[in-house]
>>> print(open('model.txt').read())   # compact mmCIF, C-alpha atoms and all ligand atoms
# COMPACT_ATOMS: atom_id res chain seq x y z
CA MET Z 1 -25.02 -13.47 -40.74
CA SER Z 2 -27.33 -13.91 -37.73
CA GLY Z 3 -27.55 -17.32 -36.02
CA ARG Z 4 -30.60 -19.51 -35.96
CA LEU Z 5 -31.90 -22.36 -33.82
CA ARG Z 6 -32.21 -25.55 -35.87
CA ALA Z 7 -33.66 -28.95 -35.00
CA ARG Z 8 -30.71 -31.23 -35.76
CA VAL Z 9 -31.00 -35.03 -36.05
CA VAL Z 10 -28.85 -36.68 -33.37
CA GLY Z 11 -30.35 -40.18 -33.32
CA VAL Z 12 -32.44 -42.60 -35.38
CA GLY Z 13 -34.01 -46.00 -34.73
CA SER Z 14 -36.80 -48.25 -35.88
CA TYR Z 15 -38.68 -51.40 -35.03
CA LEU Z 16 -40.54 -53.99 -37.12
CA PRO Z 17 -42.70 -56.71 -35.56
CA ALA Z 18 -41.21 -60.20 -35.87
CA ARG Z 19 -44.02 -61.75 -37.92
CA VAL Z 20 -43.52 -61.51 -41.69
CA VAL Z 21 -46.44 -62.19 -44.04
CA THR Z 22 -45.59 -62.80 -47.68
CA ASN Z 23 -47.82 -62.22 -50.71
CA GLU Z 24 -47.98 -66.00 -51.15
CA GLU Z 25 -49.42 -66.39 -47.66
CA LEU Z 26 -52.09 -63.78 -48.41
CA SER Z 27 -52.96 -65.44 -51.71
CA GLU Z 28 -53.78 -68.64 -49.82
CA ARG Z 29 -56.71 -66.91 -48.11
CA LEU Z 30 -57.71 -64.19 -50.61
CA PRO Z 31 -58.38 -64.01 -54.37
CA THR Z 32 -55.04 -62.31 -55.03
CA SER Z 33 -51.57 -63.31 -56.21
CA ASP Z 34 -47.93 -62.47 -55.61
CA THR Z 35 -47.72 -61.34 -59.25
CA TRP Z 36 -50.63 -58.88 -58.96
CA ILE Z 37 -49.35 -57.37 -55.71
CA ARG Z 38 -45.74 -57.08 -56.92
CA GLU Z 39 -46.60 -55.67 -60.34
CA ARG Z 40 -49.14 -53.12 -59.09
CA THR Z 41 -47.35 -52.02 -55.90
CA GLY Z 42 -43.82 -53.43 -55.62
CA ILE Z 43 -44.76 -55.04 -52.29
CA ARG Z 44 -43.35 -58.53 -51.54
CA MET Z 45 -44.00 -58.83 -47.81
CA ARG Z 46 -45.05 -56.93 -44.71
CA HIS Z 47 -44.53 -57.19 -40.93
CA LEU Z 48 -47.61 -57.56 -38.74
CA ALA Z 49 -47.85 -56.86 -35.00
CA ALA Z 50 -48.42 -59.85 -32.69
CA GLU Z 51 -51.61 -60.21 -30.72
CA GLY Z 52 -51.45 -57.77 -27.83
CA GLU Z 53 -48.59 -55.80 -29.40
CA CYS Z 54 -49.83 -52.20 -29.58
CA THR Z 55 -48.74 -49.08 -31.43
CA SER Z 56 -47.14 -47.82 -28.18
CA ASP Z 57 -45.02 -51.01 -27.97
CA LEU Z 58 -43.70 -50.52 -31.51
CA ALA Z 59 -43.12 -46.82 -30.86
CA THR Z 60 -41.31 -47.51 -27.58
CA ALA Z 61 -38.99 -50.06 -29.21
CA ALA Z 62 -38.12 -47.62 -32.03
CA ALA Z 63 -37.65 -44.77 -29.55
CA LYS Z 64 -35.25 -46.85 -27.40
CA ARG Z 65 -33.10 -47.56 -30.45
CA ALA Z 66 -33.13 -43.90 -31.49
CA LEU Z 67 -32.13 -42.83 -27.98
CA ALA Z 68 -29.33 -45.43 -27.93
CA SER Z 69 -28.03 -44.16 -31.26
CA ALA Z 70 -28.03 -40.62 -29.82
CA GLY Z 71 -26.32 -41.80 -26.62
CA LEU Z 72 -29.16 -40.31 -24.56
CA GLU Z 73 -31.52 -41.38 -21.79
CA ALA Z 74 -35.28 -40.83 -22.11
CA ALA Z 75 -35.16 -38.42 -19.16
CA GLU Z 76 -32.96 -36.10 -21.24
CA VAL Z 77 -35.78 -35.55 -23.75
CA ASP Z 78 -38.42 -32.89 -23.06
CA LEU Z 79 -40.70 -33.30 -26.10
CA LEU Z 80 -42.34 -36.41 -27.55
CA VAL Z 81 -44.38 -36.14 -30.76
CA LEU Z 82 -45.98 -39.34 -32.02
CA ALA Z 83 -47.50 -39.51 -35.49
CA THR Z 84 -50.12 -42.24 -35.65
CA SER Z 85 -53.62 -42.98 -36.95
CA THR Z 86 -53.80 -46.22 -34.97
CA PRO Z 87 -53.63 -45.08 -31.34
CA ASP Z 88 -53.78 -47.61 -28.48
CA HIS Z 89 -56.92 -45.90 -27.17
CA THR Z 90 -59.10 -43.00 -28.32
CA PHE Z 91 -57.44 -41.06 -25.50
CA PRO Z 92 -55.11 -40.28 -23.84
CA ALA Z 93 -52.51 -39.66 -26.52
CA THR Z 94 -50.47 -42.77 -27.31
CA ALA Z 95 -47.46 -40.46 -26.89
CA THR Z 96 -48.16 -40.51 -23.15
CA ALA Z 97 -48.21 -44.34 -23.13
CA VAL Z 98 -44.79 -44.26 -24.80
CA GLN Z 99 -43.61 -41.67 -22.30
CA ARG Z 100 -44.64 -44.00 -19.49
CA LYS Z 101 -43.03 -47.07 -21.10
CA LEU Z 102 -39.79 -45.12 -21.56
CA ALA Z 103 -39.91 -43.95 -17.91
CA MET Z 104 -39.40 -40.50 -19.35
CA GLY Z 105 -40.84 -38.21 -16.65
CA PRO Z 106 -42.69 -34.93 -17.27
CA ALA Z 107 -42.32 -33.49 -20.78
CA ILE Z 108 -44.48 -32.17 -23.63
CA ALA Z 109 -46.15 -35.22 -25.26
CA PHE Z 110 -48.91 -35.47 -27.84
CA ASP Z 111 -50.08 -37.35 -30.93
CA VAL Z 112 -50.30 -36.00 -34.47
CA GLN Z 113 -52.95 -37.41 -36.78
CA ALA Z 114 -52.18 -36.70 -40.43
CA VAL Z 115 -52.30 -40.34 -41.54
CA CYS Z 116 -49.47 -41.18 -44.01
CA ALA Z 117 -48.26 -37.55 -43.94
CA GLY Z 118 -48.04 -37.75 -40.14
CA PHE Z 119 -44.26 -37.91 -39.89
CA ALA Z 120 -43.80 -34.76 -42.02
CA TYR Z 121 -46.35 -32.95 -39.82
CA ALA Z 122 -44.67 -34.26 -36.64
CA LEU Z 123 -41.23 -33.12 -37.81
CA SER Z 124 -42.59 -29.67 -38.56
CA LEU Z 125 -44.23 -29.36 -35.13
CA ALA Z 126 -41.14 -30.58 -33.29
CA HIS Z 127 -39.00 -28.17 -35.32
CA GLY Z 128 -41.33 -25.29 -34.36
CA LEU Z 129 -41.28 -26.14 -30.65
CA LEU Z 130 -37.49 -26.47 -30.61
CA ALA Z 131 -36.91 -23.32 -32.67
CA THR Z 132 -39.12 -21.30 -30.28
CA ARG Z 133 -37.29 -22.70 -27.22
CA GLN Z 134 -40.34 -24.49 -25.82
CA ALA Z 135 -38.23 -27.67 -25.68
CA ARG Z 136 -34.58 -28.60 -26.16
CA ARG Z 137 -34.65 -32.21 -27.28
CA ALA Z 138 -37.38 -34.12 -29.09
CA LEU Z 139 -38.31 -37.68 -29.85
CA VAL Z 140 -40.31 -37.68 -33.08
CA ILE Z 141 -41.92 -41.05 -33.73
CA GLY Z 142 -44.06 -42.52 -36.50
CA ALA Z 143 -45.76 -45.75 -35.37
CA GLU Z 144 -48.70 -47.72 -36.75
CA THR Z 145 -50.60 -50.97 -36.42
CA PHE Z 146 -52.73 -50.65 -39.58
CA SER Z 147 -53.33 -54.42 -39.46
CA ARG Z 148 -55.94 -53.61 -36.77
CA ILE Z 149 -58.04 -51.36 -39.05
CA LEU Z 150 -57.84 -53.41 -42.26
CA ASP Z 151 -60.78 -55.32 -43.67
CA TRP Z 152 -59.03 -58.67 -44.18
CA GLU Z 153 -61.75 -59.69 -46.66
CA ASP Z 154 -61.03 -56.70 -48.93
CA ARG Z 155 -58.19 -57.66 -51.25
CA SER Z 156 -58.02 -54.14 -52.73
CA THR Z 157 -56.72 -52.71 -49.41
CA CYS Z 158 -55.51 -55.41 -47.00
CA VAL Z 159 -52.54 -56.47 -49.15
CA LEU Z 160 -51.13 -52.94 -49.16
CA PHE Z 161 -50.29 -52.23 -45.52
CA GLY Z 162 -47.91 -53.33 -42.77
CA ASP Z 163 -47.07 -52.45 -39.17
CA GLY Z 164 -43.91 -50.76 -37.84
CA ALA Z 165 -42.33 -47.77 -36.18
CA GLY Z 166 -39.43 -45.37 -36.63
CA ALA Z 167 -38.05 -42.52 -34.57
CA LEU Z 168 -35.67 -39.58 -34.73
CA VAL Z 169 -34.10 -37.66 -31.88
CA LEU Z 170 -33.84 -33.94 -32.63
CA GLU Z 171 -31.85 -31.38 -30.68
CA ALA Z 172 -32.09 -27.58 -30.76
CA GLU Z 173 -28.77 -26.19 -31.90
CA GLU Z 174 -27.63 -22.65 -32.67
CA GLN Z 175 -26.39 -22.57 -36.28
CA THR Z 176 -25.48 -20.02 -38.92
CA GLY Z 177 -28.84 -19.76 -40.69
CA THR Z 178 -27.61 -20.93 -44.10
CA VAL Z 179 -28.51 -23.85 -46.35
CA LEU Z 180 -25.33 -25.57 -45.14
CA ASP Z 181 -26.74 -25.91 -41.60
CA ARG Z 182 -27.54 -29.37 -40.29
CA GLY Z 183 -31.12 -30.21 -39.28
CA ILE Z 184 -34.53 -29.15 -40.55
CA LEU Z 185 -34.09 -26.45 -43.19
CA ALA Z 186 -37.56 -26.01 -44.72
CA VAL Z 187 -41.08 -27.41 -44.44
CA GLU Z 188 -44.12 -27.36 -46.72
CA LEU Z 189 -47.43 -28.79 -45.45
CA CYS Z 190 -50.96 -28.85 -46.85
CA ALA Z 191 -54.30 -30.67 -46.63
CA ASP Z 192 -57.46 -30.57 -48.71
CA GLY Z 193 -60.57 -31.98 -47.04
CA ARG Z 194 -62.48 -32.07 -50.32
CA HIS Z 195 -60.83 -35.49 -50.76
CA TYR Z 196 -61.86 -36.81 -47.31
CA HIS Z 197 -64.00 -39.61 -48.81
CA HIS Z 198 -61.27 -41.15 -51.01
CA LEU Z 199 -59.29 -42.63 -48.11
CA TYR Z 200 -60.88 -42.99 -44.68
CA VAL Z 201 -61.85 -45.35 -41.87
CA ASP Z 202 -65.59 -46.09 -41.73
CA GLY Z 203 -65.78 -45.90 -37.94
CA GLY Z 204 -64.79 -43.66 -35.04
CA PRO Z 205 -65.88 -42.64 -31.55
CA SER Z 206 -68.06 -39.73 -32.65
CA SER Z 207 -69.62 -41.17 -35.82
CA THR Z 208 -70.33 -44.87 -35.34
CA GLY Z 209 -68.88 -45.72 -31.95
CA THR Z 210 -66.86 -48.50 -33.59
CA VAL Z 211 -63.22 -48.68 -34.67
CA GLY Z 212 -64.08 -49.27 -38.33
CA HIS Z 213 -62.07 -50.37 -41.36
CA LEU Z 214 -59.90 -48.59 -43.89
CA ARG Z 215 -61.67 -47.77 -47.19
CA MET Z 216 -59.86 -46.42 -50.22
CA ASN Z 217 -60.51 -45.33 -53.76
CA GLY Z 218 -57.04 -46.47 -54.81
CA ARG Z 219 -57.07 -45.12 -58.35
CA GLU Z 220 -58.03 -41.62 -57.19
CA VAL Z 221 -55.40 -41.64 -54.42
CA PHE Z 222 -52.75 -42.79 -56.89
CA ARG Z 223 -53.54 -40.06 -59.41
CA TYR Z 224 -53.61 -37.29 -56.81
CA ALA Z 225 -50.53 -38.57 -54.96
CA VAL Z 226 -48.20 -38.27 -57.94
CA THR Z 227 -49.18 -34.65 -58.64
CA ALA Z 228 -49.32 -33.49 -55.00
CA LEU Z 229 -46.02 -35.12 -53.97
CA THR Z 230 -44.19 -33.68 -56.99
CA ASP Z 231 -45.61 -30.21 -56.37
CA SER Z 232 -44.88 -30.34 -52.62
CA ALA Z 233 -41.28 -31.47 -53.16
CA GLN Z 234 -40.70 -28.70 -55.71
CA ARG Z 235 -42.18 -26.07 -53.40
CA VAL Z 236 -40.03 -26.99 -50.40
CA CYS Z 237 -36.89 -26.97 -52.57
CA ARG Z 238 -37.80 -23.54 -53.98
CA LYS Z 239 -37.83 -22.15 -50.43
CA LEU Z 240 -34.06 -22.72 -50.39
CA GLN Z 241 -33.50 -21.90 -54.06
CA LEU Z 242 -32.59 -25.54 -54.68
CA GLU Z 243 -33.60 -27.94 -57.43
CA PRO Z 244 -34.91 -31.35 -56.33
CA ASP Z 245 -32.08 -33.09 -58.20
CA GLN Z 246 -29.57 -31.43 -55.84
CA VAL Z 247 -30.67 -33.58 -52.89
CA ASP Z 248 -28.54 -36.53 -51.83
CA TRP Z 249 -31.55 -38.61 -50.80
CA PHE Z 250 -35.24 -38.56 -51.62
CA VAL Z 251 -37.13 -40.41 -48.89
CA PRO Z 252 -40.78 -40.55 -49.98
CA HIS Z 253 -43.68 -42.17 -48.15
CA GLN Z 254 -43.71 -45.84 -49.13
CA ALA Z 255 -47.18 -46.67 -50.46
CA ASN Z 256 -46.55 -47.91 -53.98
CA ARG Z 257 -43.34 -48.32 -55.97
CA ARG Z 258 -45.06 -46.98 -59.08
CA ILE Z 259 -46.00 -43.73 -57.29
CA ILE Z 260 -42.43 -43.33 -56.01
CA GLU Z 261 -40.91 -43.93 -59.45
CA ALA Z 262 -43.33 -41.52 -61.16
CA VAL Z 263 -42.58 -38.75 -58.63
CA ALA Z 264 -38.80 -39.31 -58.75
CA ARG Z 265 -38.90 -39.15 -62.56
CA ARG Z 266 -40.85 -35.88 -62.52
CA LEU Z 267 -38.40 -34.41 -59.99
CA GLY Z 268 -35.38 -35.56 -62.01
CA ILE Z 269 -34.01 -37.62 -59.11
CA ALA Z 270 -32.20 -40.84 -60.10
CA LEU Z 271 -33.60 -44.01 -58.49
CA GLU Z 272 -30.18 -44.73 -56.90
CA ARG Z 273 -30.84 -41.76 -54.62
CA VAL Z 274 -34.40 -42.79 -53.68
CA ALA Z 275 -35.09 -44.77 -50.50
CA LEU Z 276 -37.15 -47.87 -51.28
CA THR Z 277 -38.53 -50.10 -48.54
CA VAL Z 278 -42.08 -50.68 -49.78
CA ASP Z 279 -41.08 -54.11 -51.13
CA ARG Z 280 -40.35 -55.39 -47.59
CA HIS Z 281 -42.39 -53.13 -45.29
CA ALA Z 282 -45.47 -52.39 -47.48
CA ASN Z 283 -47.28 -49.17 -46.50
CA THR Z 284 -46.67 -48.46 -42.81
CA SER Z 285 -48.34 -45.02 -42.98
CA ALA Z 286 -46.66 -42.52 -40.60
CA ALA Z 287 -43.87 -45.02 -39.85
CA SER Z 288 -42.64 -45.47 -43.41
CA ILE Z 289 -40.32 -42.45 -43.59
CA PRO Z 290 -38.47 -42.91 -40.27
CA LEU Z 291 -38.20 -46.65 -41.04
CA ALA Z 292 -36.59 -45.81 -44.40
CA LEU Z 293 -34.28 -43.21 -42.82
CA ASP Z 294 -33.09 -45.74 -40.24
CA GLU Z 295 -32.47 -48.35 -42.92
CA LEU Z 296 -30.43 -45.86 -45.01
CA HIS Z 297 -28.47 -44.83 -41.93
CA GLN Z 298 -27.81 -48.41 -40.83
CA SER Z 299 -26.56 -49.32 -44.31
CA GLY Z 300 -24.02 -46.49 -44.12
CA GLN Z 301 -25.42 -44.78 -47.21
CA LEU Z 302 -26.88 -41.79 -45.35
CA GLU Z 303 -23.93 -39.68 -44.20
CA PRO Z 304 -23.55 -36.57 -42.05
CA GLY Z 305 -24.08 -33.50 -44.25
CA HIS Z 306 -26.34 -35.25 -46.76
CA LEU Z 307 -29.31 -33.21 -47.95
CA VAL Z 308 -32.52 -35.24 -47.51
CA LEU Z 309 -35.92 -34.55 -49.05
CA VAL Z 310 -38.86 -36.19 -47.30
CA SER Z 311 -42.36 -36.18 -48.90
CA ALA Z 312 -45.58 -37.91 -47.92
CA ILE Z 313 -49.30 -37.97 -48.66
CA GLY Z 314 -52.29 -39.80 -47.24
CA GLY Z 315 -55.88 -39.57 -46.07
CA GLY Z 316 -57.46 -36.13 -45.91
CA PHE Z 317 -55.80 -35.69 -48.30
CA ALA Z 318 -52.95 -34.36 -46.16
CA TRP Z 319 -49.42 -34.07 -47.52
CA GLY Z 320 -46.12 -32.37 -46.99
CA SER Z 321 -42.37 -32.21 -47.55
CA VAL Z 322 -39.41 -31.51 -45.31
CA LEU Z 323 -35.87 -30.65 -46.38
CA LEU Z 324 -33.21 -31.50 -43.84
CA ARG Z 325 -29.48 -31.90 -43.69
CA TRP Z 326 -28.45 -35.10 -41.90
O1 LIG Z 401 -50.69 -44.30 -48.02
C1 LIG Z 401 -51.83 -43.67 -48.51
C2 LIG Z 401 -51.75 -43.58 -49.91
N1 LIG Z 401 -52.23 -44.78 -50.56
C3 LIG Z 401 -51.80 -45.01 -51.77
O2 LIG Z 401 -50.93 -44.29 -52.20
C4 LIG Z 401 -52.42 -46.09 -52.60
C5 LIG Z 401 -52.62 -45.54 -53.97
N2 LIG Z 401 -53.21 -46.46 -54.90
C6 LIG Z 401 -52.56 -47.55 -55.35
O3 LIG Z 401 -51.47 -47.83 -54.94
C7 LIG Z 401 -53.21 -48.36 -56.45
O4 LIG Z 401 -54.33 -47.68 -56.94
C8 LIG Z 401 -53.64 -49.78 -55.97
C9 LIG Z 401 -52.41 -50.62 -55.71
C10 LIG Z 401 -54.46 -49.66 -54.70
C11 LIG Z 401 -54.47 -50.45 -57.04
O5 LIG Z 401 -53.76 -50.50 -58.26
P1 LIG Z 401 -54.48 -50.10 -59.61
O6 LIG Z 401 -53.51 -50.33 -60.69
O7 LIG Z 401 -55.01 -48.70 -59.42
O8 LIG Z 401 -55.63 -51.17 -59.69
P2 LIG Z 401 -57.20 -50.94 -59.73
O9 LIG Z 401 -57.69 -50.46 -58.41
O10 LIG Z 401 -57.51 -50.14 -60.93
O11 LIG Z 401 -57.71 -52.44 -59.94
C12 LIG Z 401 -57.38 -53.19 -61.09
C13 LIG Z 401 -58.01 -54.56 -60.99
C14 LIG Z 401 -59.47 -54.54 -60.55
O12 LIG Z 401 -60.14 -55.54 -61.29
P3 LIG Z 401 -61.00 -55.14 -62.59
O13 LIG Z 401 -62.05 -54.21 -62.09
O14 LIG Z 401 -60.04 -54.51 -63.54
O15 LIG Z 401 -61.51 -56.47 -63.03
C15 LIG Z 401 -59.42 -54.93 -59.10
O16 LIG Z 401 -60.61 -55.58 -58.68
O17 LIG Z 401 -57.31 -55.32 -59.99
C16 LIG Z 401 -58.28 -55.91 -59.07
N3 LIG Z 401 -57.64 -56.03 -57.76
C17 LIG Z 401 -56.91 -57.09 -57.39
N4 LIG Z 401 -56.59 -58.23 -58.04
C18 LIG Z 401 -55.80 -59.11 -57.37
C19 LIG Z 401 -57.65 -55.14 -56.73
N5 LIG Z 401 -56.93 -55.62 -55.71
C20 LIG Z 401 -56.46 -56.83 -56.09
C21 LIG Z 401 -55.66 -57.80 -55.46
N6 LIG Z 401 -55.35 -58.90 -56.16
N7 LIG Z 401 -55.14 -57.62 -54.21
>>> encode(input="model.txt", output="structure tokens", more="lines below")
Ligand code: UT7
Amino acid sequence: MSGRLRARVVGVGSYLPARVVTNEELSERLPTSDTWIRERTGIRMRHLAAEGECTSDLATAAAKRALASAGLEAAEVDLLVLATSTPDHTFPATATAVQRKLAMGPAIAFDVQAVCAGFAYALSLAHGLLATRQARRALVIGAETFSRILDWEDRSTCVLFGDGAGALVLEAEEQTGTVLDRGILAVELCADGRHYHHLYVDGGPSSTGTVGHLRMNGREVFRYAVTALTDSAQRVCRKLQLEPDQVDWFVPHQANRRIIEAVARRLGIALERVALTVDRHANTSAASIPLALDELHQSGQLEPGHLVLVSAIGGGFAWGSVLLRW
């Protein structure tokens, strides 16, 4: 059997801002309640960035931890992909701010904007660049400060999100080309702009010249998310002639516990094998999957050789799944 270059995970890290905001705290300033938020979403609390703490700060902290876990220096990385919808500035790419803060030196660095699906898109791009020998080692980061684009008067959206960052270090490695290889094994991405208006920010440099606030038709997103995530997960598994219930871990985007449970049920994956962080992190958009991966790794539950299915969906709608062996 011929060999194949794979993007193997060699490090993982994450960072959550120190400030924790509970549902009770929100219900003191909004017509909402801990019961409503918990029952409809599973969320109990979220972390919010401090004043002056930017997406690049969160991303840099997560990246440092991922590099430490890989036993590498930033200068040994030649690709940095940052998934975010909350960049520090309109340009340059926040990835270059992270590069600077890490004292990384020249390397490929850019942002990926696929909202909550951003980390799946970023993994796919990094995998492609490593597999085609354009880079040897990648930092793939998901980092967000959604607190900056929330309308804090809108109870239907502001209770749902949190800030945070997570990162993986990937390394190109020659492997056998079978399903037993470690690293990224298969990817399935899609977007459908017909749903643009269901989840968007009502500002931007080219439309209003303002930053704007997040707007969402929650019911529509919920309905679509369950179907699209299930379909995407099934498709990526089919590429390797696997059934979803053969994975060791399902690590879905963390937006709503009810969405996660509905998708896991449809895929036949027991909840014991599903990563769940939404209760403590809320929806951190592109950061939710690497945050969950780091938590699973830190707890010792995610072991070398485990087959991991990652699936996410968000604004666009854009969605995708990645199958990887840890
Ligand atoms: O990461 C991107 C993907 N995003 C998502 O996946 C989010 C997907 N959507 C959802 O998670 C859910 O649709 C929500 C959590 C956003 C909403 O849950 P829902 O069960 O779909 O509730 P709803 O929007 O149908 O609203 C039910 C009621 C409404 O009142 P009426 O019209 O029935 O009187 C809302 O006004 O709940 C009310 N409501 C609230 N009540 C207390 C909405 N937000 C709140 C709130 N506290 N924070």
>>> residues_around(input="model.txt", residues="Arg215 in chain Z", least_positions_apart="5", cutoff="9 Å", atoms="only C-alpha atoms", output="count of residues only")
9
>>> closest_atom_pairs(input="model.txt", of="chain Z", to="ligand LIG 401 (chain Z)", cutoff="7 Å", atoms="all atoms listed in the file", output="tab-separated table")
residue	atom	partner	partner_atom	distance
Z:Pro31	CA	Z:LIG401	N6	6.2
Z:Thr32	CA	Z:LIG401	N6	3.6
Z:Ser33	CA	Z:LIG401	N6	5.8
Z:Trp36	CA	Z:LIG401	C18	5.4
Z:Ile37	CA	Z:LIG401	N7	6.0
Z:Arg40	CA	Z:LIG401	C9	5.3
Z:Thr41	CA	Z:LIG401	C9	5.3
Z:Cys116	CA	Z:LIG401	O1	5.2
Z:Arg155	CA	Z:LIG401	N7	4.3
Z:Ser156	CA	Z:LIG401	N5	3.5
Z:Thr157	CA	Z:LIG401	C10	6.5
Z:Val159	CA	Z:LIG401	N7	5.8
Z:Gly218	CA	Z:LIG401	O4	3.7
Z:Arg219	CA	Z:LIG401	O4	4.0
Z:Val221	CA	Z:LIG401	C5	4.8
Z:Phe222	CA	Z:LIG401	C5	4.0
Z:Ala225	CA	Z:LIG401	O2	6.4
Z:Ala255	CA	Z:LIG401	O2	4.8
Z:Asn256	CA	Z:LIG401	O3	5.0
Z:Asn283	CA	Z:LIG401	O1	6.1
Z:Ser285	CA	Z:LIG401	O1	5.6
Z:Ile313	CA	Z:LIG401	C1	6.2
Z:Gly314	CA	Z:LIG401	C1	4.1
Z:Gly315	CA	Z:LIG401	C1	6.3
>>> atom_distance(input="model.txt", atom1="CA of Ser56 in chain Z", atom2="CA of Glu144 in chain Z")
8.7 Å
>>> atom_distance(input="model.txt", atom1="CA of Ala138 in chain Z", atom2="CA of Trp326 in chain Z")
15.6 Å
>>> closest_residue(input="model.txt", among="Z:Ala318, Z:Ala97, Z:Val12, Z:Val247", to="Asp192 in chain Z", atoms="all atoms listed in the file")
Z:Ala318
>>> closest_residue(input="model.txt", among="Z:Asp78, Z:Glu188, Z:Asp245, Z:Asp88", to="Arg148 in chain Z", atoms="all atoms listed in the file")
Z:Asp88
>>> atom_distance(input="model.txt", atom1="CA of Leu271 in chain Z", atom2="CA of Gly42 in chain Z")
14.2 Å
>>> closest_residue(input="model.txt", among="Z:Val274, Z:Ile108, Z:Val251, Z:Ala83", to="Arg136 in chain Z", atoms="all atoms listed in the file")
Z:Ile108
>>> residues_around(input="model.txt", residues="Ala49 in chain Z", least_positions_apart="3", cutoff="12 Å", atoms="only C-alpha atoms", output="VMD selection string")
chain Z and resid 15 to 21 46 52 to 59 143 to 148 161 to 165 284
>>> residues_around(input="model.txt", residues="Gly212 in chain Z", least_positions_apart="2", cutoff="8 Å", atoms="all atoms listed in the file", output="count of residues only")
7
>>> decode(input="model.txt", residues="range 63-74 of chain Z", atoms="N, CA and C atoms", output="compact mmCIF listing (two decimals), in the first residue's frame")
# COMPACT_ATOMS: atom_id res chain seq x y z
N ALA Z 63 -2.77 29.06 21.96
CA ALA Z 63 -1.68 28.57 21.10
C ALA Z 63 -0.45 28.22 21.95
N LYS Z 64 -0.14 29.06 22.94
CA LYS Z 64 1.03 28.79 23.81
C LYS Z 64 0.86 27.45 24.53
N ARG Z 65 -0.36 27.20 24.99
CA ARG Z 65 -0.61 25.92 25.70
C ARG Z 65 -0.52 24.74 24.74
N ALA Z 66 -1.01 24.93 23.52
CA ALA Z 66 -0.94 23.84 22.53
C ALA Z 66 0.52 23.55 22.17
N LEU Z 67 1.30 24.62 22.01
CA LEU Z 67 2.73 24.44 21.69
C LEU Z 67 3.45 23.75 22.84
N ALA Z 68 3.13 24.15 24.08
CA ALA Z 68 3.76 23.51 25.24
C ALA Z 68 3.41 22.03 25.28
N SER Z 69 2.16 21.70 24.97
CA SER Z 69 1.77 20.28 25.02
C SER Z 69 2.45 19.48 23.91
N ALA Z 70 2.83 20.17 22.82
CA ALA Z 70 3.55 19.50 21.73
C ALA Z 70 5.06 19.50 21.97
N GLY Z 71 5.51 20.28 22.96
CA GLY Z 71 6.94 20.39 23.23
C GLY Z 71 7.66 21.16 22.13
N LEU Z 72 6.96 22.16 21.56
CA LEU Z 72 7.51 22.92 20.43
C LEU Z 72 7.58 24.41 20.74
N GLU Z 73 8.46 25.09 20.02
CA GLU Z 73 8.53 26.55 20.06
C GLU Z 73 7.73 27.09 18.87
N ALA Z 74 7.24 28.34 19.02
CA ALA Z 74 6.46 28.95 17.92
C ALA Z 74 7.26 28.99 16.62
